[in-house]
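Take a look at the structure below.
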Amino acid sequence: MKTRAAVAFEAKRPLEIVELDLEGPKAGEVLVEIMATGICHTDAYTLDGLDSEGIFPSILGHEGCGVVREVGAGVTSVKPGDHVIPLYTPECRQCKMCLSGKTNLCSAIRATQGQGLMPDGTSRFSYKGETIYHYMGCSTFSNFTVLPEIAVAKIREDAPFDTTCYVGCGVTTGVGAVTNTAKVQPGDNVVVFGLGGIGLNVIQGAKLAGADRIVGVDINPSKEEWGRKFGMTDFVNPKETSNVVEHLVEMLDGGADYSFDCTGNTDVMRDALECCHKGWGTSIIIGVAEAGKEIATRPFQLVTGRNWRGTAFGGAKGRTDVPKIVDWYMTGKIEIDPMITHRLSLDEINKGFDLMHAGESIRAVVVY
Ligand code: NAD
Ligand code: AHE
Ligand code: ZN
């Protein structure tokens with residue numbers, strides 16, 4: 001079949017909207033009509049050539065929501081008409097990682113996913129006979145995409161596509177980092193670095209968990225108002241303080257119980273660790289750093305009881321947890337609507353990247 005898609009033909013070049021060929025689903029796969037997709041900073045990072053796994057030409061996008069239109073042989077968990085969210089972290093429930101009970105990092109198809117291919121080692125997309133690669137196993141910047149059955153979460157049908165797509169990455173990552181990874185407890189003090197599409201969801205997760213002080217840190221002063229909307233109690237602009245770590249440690253009587261990096265900047269990651277409370281403070285890395293970047297601190301920071309951890313997709317097990325997060329949204333436990341700042345057509349998708357880089361959007365969503 002044919003599908004319209006925004007193709008990343010090369011790094012650092014705007015996406016091009018073209019009509020592609022898409023092969024139907026093979027055994028264990030499903031064809032999904034994507035109804036809406038968010039633009040996450042990770043898409044920009046890959047398009048900017050900063051991803052060590054970046055492959056071109058490819059179809060980016062990993063924060064979508066849509067409807068199953070066809071299923072391949074042997075598919076039993078979803079059927080045509082089901083509403084689904086594609087999962088860049090699938091959940092096979094059979095691999096060592098899934099069975100460990102210790103992680104959401106399913107390993108069933110990670111190797112081929114990282115090569116831009118379906119689990120059988122081939123791509124379903126082509127343009128003028130040339131292979132176009134998949135991205136993060138999702139490729140939601142295509143109106144139709146093919147996904148392995150283990151990489152879709154079935155969700156309720158009354159959830160609107162143009163907001164619920166955000167659960168496919170940003171909402172689950174931010175809220176899950178607090179509830180699944182850090183397991184923030186009532187009364188804990190939290191510091192969030194970077195108040196964008198992920199950081200604001202960390203803030204709303206921290207509020208949900210009953211955190212006491214929720215301190216937001218951002219170099220963009222317009223983010224103060226955004227943070228306060230979702231439960232931030234204090235704001236710090238690092239440009240207005242000579243030493244942000246000392247400032248935070250003093251402000252929180254010794255430091256944060258939990259801090260979160262939502263910037264992808266390795267210098268910020270160091271500050272996030274070092275503003276944690278001696279003896280127990282834990283810093284969670286969410287931000288994705290440029291290829292070749294490394295983190296550093298004095299080992300003494302860890303010797304004296306601070307902990308450094310990371311999280312992917314907020315520690316969520318996609319097929320199990322994503323439908324629950326959609327329920328949280330639909331019942332008002334968490335908010336999404338105010339964070340969807342822009343709705344665009346597929347033809348306008350490059351504007352969504354510009355808005356993100358200018359710090360003007362929280363989430364720009366492409367509605368097909
Ligand atoms: P975004 O562009 O919406 O937000 C980034 C925010 O960080 C902005 O508000 C910006 O002003 C702020 N910022 C930039 N430099 C800063 C600095 N030096 N100090 C303080 N604040 C600073 O991006 P996003 O969509 O929220 O994504 C944030 C990061 O999380 C990205 O690196 C993205 O790739 C990553 N991410 C990781 C996961 C995961 O599973 N681990 C999931 C989604 C996104
Ligand atoms: N490809 C990069 C790593 C990118 C990365 O860490 N991705 C996160 C999700 S970001 C979503 O916006 C993730 O899930 N990581 C776990 C995994 O298995 O990829 C690189 O450095 O090579
Ligand atoms: Zn993302």
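Chain identifiers are assigned as A, B, and so on, following the order in which chains appear in the structure tokens; residues are numbered from 1 within each chain, and ligands are numbered from 1 in order of appearance.
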Determine, counting only C-alpha atoms, which protein, DNA and RNA residues have an atom within 7 Å of an atom of stretch 157-161 of chain A; residues of the same chain fewer than 6 positions away are not included. Present the result as a PyMOL selection string. chain A and resi 35-36+65-66+83+330
Set out as CSV a contact list for chain A and ligand 3 with a cut-off of 12 Å, giving each residue of chain A that qualifies its closest atom pair and distance in Å to one decimal, counting only C-alpha atoms and all ligand atoms, ordered by chain and rising residue number.
```
residue,atom,partner,partner_atom_place_in_ligand_line,distance
A:Thr37,CA,ligand 3,1 (Zn),10.8
A:Gly38,CA,ligand 3,1 (Zn),8.6
A:Ile39,CA,ligand 3,1 (Zn),7.6
A:Cys40,CA,ligand 3,1 (Zn),4.6
A:His41,CA,ligand 3,1 (Zn),6.4
A:Thr42,CA,ligand 3,1 (Zn),5.2
A:Asp43,CA,ligand 3,1 (Zn),7.0
A:Ala44,CA,ligand 3,1 (Zn),9.7
A:Tyr45,CA,ligand 3,1 (Zn),10.1
A:Thr46,CA,ligand 3,1 (Zn),10.8
A:Leu60,CA,ligand 3,1 (Zn),10.7
A:Gly61,CA,ligand 3,1 (Zn),8.2
A:His62,CA,ligand 3,1 (Zn),6.4
A:Glu63,CA,ligand 3,1 (Zn),6.4
A:Gly64,CA,ligand 3,1 (Zn),10.2
A:Pro86,CA,ligand 3,1 (Zn),11.9
A:Leu87,CA,ligand 3,1 (Zn),10.6
A:Tyr88,CA,ligand 3,1 (Zn),9.0
A:Thr89,CA,ligand 3,1 (Zn),10.9
A:Tyr135,CA,ligand 3,1 (Zn),11.5
A:Met136,CA,ligand 3,1 (Zn),9.6
A:Cys138,CA,ligand 3,1 (Zn),11.1
A:Ser139,CA,ligand 3,1 (Zn),11.9
A:Thr140,CA,ligand 3,1 (Zn),11.5
A:Cys165,CA,ligand 3,1 (Zn),11.0
A:Tyr166,CA,ligand 3,1 (Zn),8.9
A:Val167,CA,ligand 3,1 (Zn),9.8
A:Gly168,CA,ligand 3,1 (Zn),7.8
A:Cys169,CA,ligand 3,1 (Zn),4.7
A:Gly170,CA,ligand 3,1 (Zn),5.8
A:Val171,CA,ligand 3,1 (Zn),9.4
A:Thr172,CA,ligand 3,1 (Zn),9.6
A:Thr173,CA,ligand 3,1 (Zn),7.9
A:Gly174,CA,ligand 3,1 (Zn),10.2
A:Gly196,CA,ligand 3,1 (Zn),11.6
A:Gly197,CA,ligand 3,1 (Zn),9.0
A:Ile198,CA,ligand 3,1 (Zn),8.4
A:Cys262,CA,ligand 3,1 (Zn),11.3
A:Ile286,CA,ligand 3,1 (Zn),10.2
A:Gly287,CA,ligand 3,1 (Zn),9.8
A:Val288,CA,ligand 3,1 (Zn),9.6
A:Ala312,CA,ligand 3,1 (Zn),9.5
A:Phe313,CA,ligand 3,1 (Zn),8.0
A:Gly314,CA,ligand 3,1 (Zn),10.6
A:Arg363,CA,ligand 3,1 (Zn),10.8
```
Could you name the residues that touch stretch 332-340 of chain A at 7 Å or less, counting only C-alpha atoms, but leaving out those on the same chain fewer than 4 positions away, as a ChimeraX atom specification? /A:163,328,362-365
Determine the nearest neighbour of ligand 1 from the options A:Asn189, A:Thr311, A:Thr76, A:Ser283, counting only C-alpha atoms and all ligand atoms.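 With only C-alpha atoms and all ligand atoms as the atom set, the closest residue is A:Thr311.
Within the 7 Å cut-off around A:Val84, using only C-alpha atoms and omitting residues fewer than 2 positions from it on the same chain, the listed residues are A:Cys65, A:Gly66, A:Val67, A:Val68, A:Asp82, A:Pro86, A:Val152, A:Ala153, A:Lys154, A:Ile155.
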Exercise: A:Lys278 partners within 10 Å, only C-alpha atoms, chain neighbours under 3 positions left out, as a VMD selection string: chain A and resid 249 254 to 257 274 to 275 281 to 282 301 to 307
DSSP on the backbone: what in stretch 9-106 of chain A comes out strand (DSSP E), as an MDAnalysis selection string? chainID A and resid 16:22 29:38 63:71 83:86
I need the residues of stretch 14-162 of chain A that end up classed as alpha helix (DSSP H) by DSSP on the backbone, written out as number ranges by chain. A: 41-47, 96-100, 110-114, 161-162
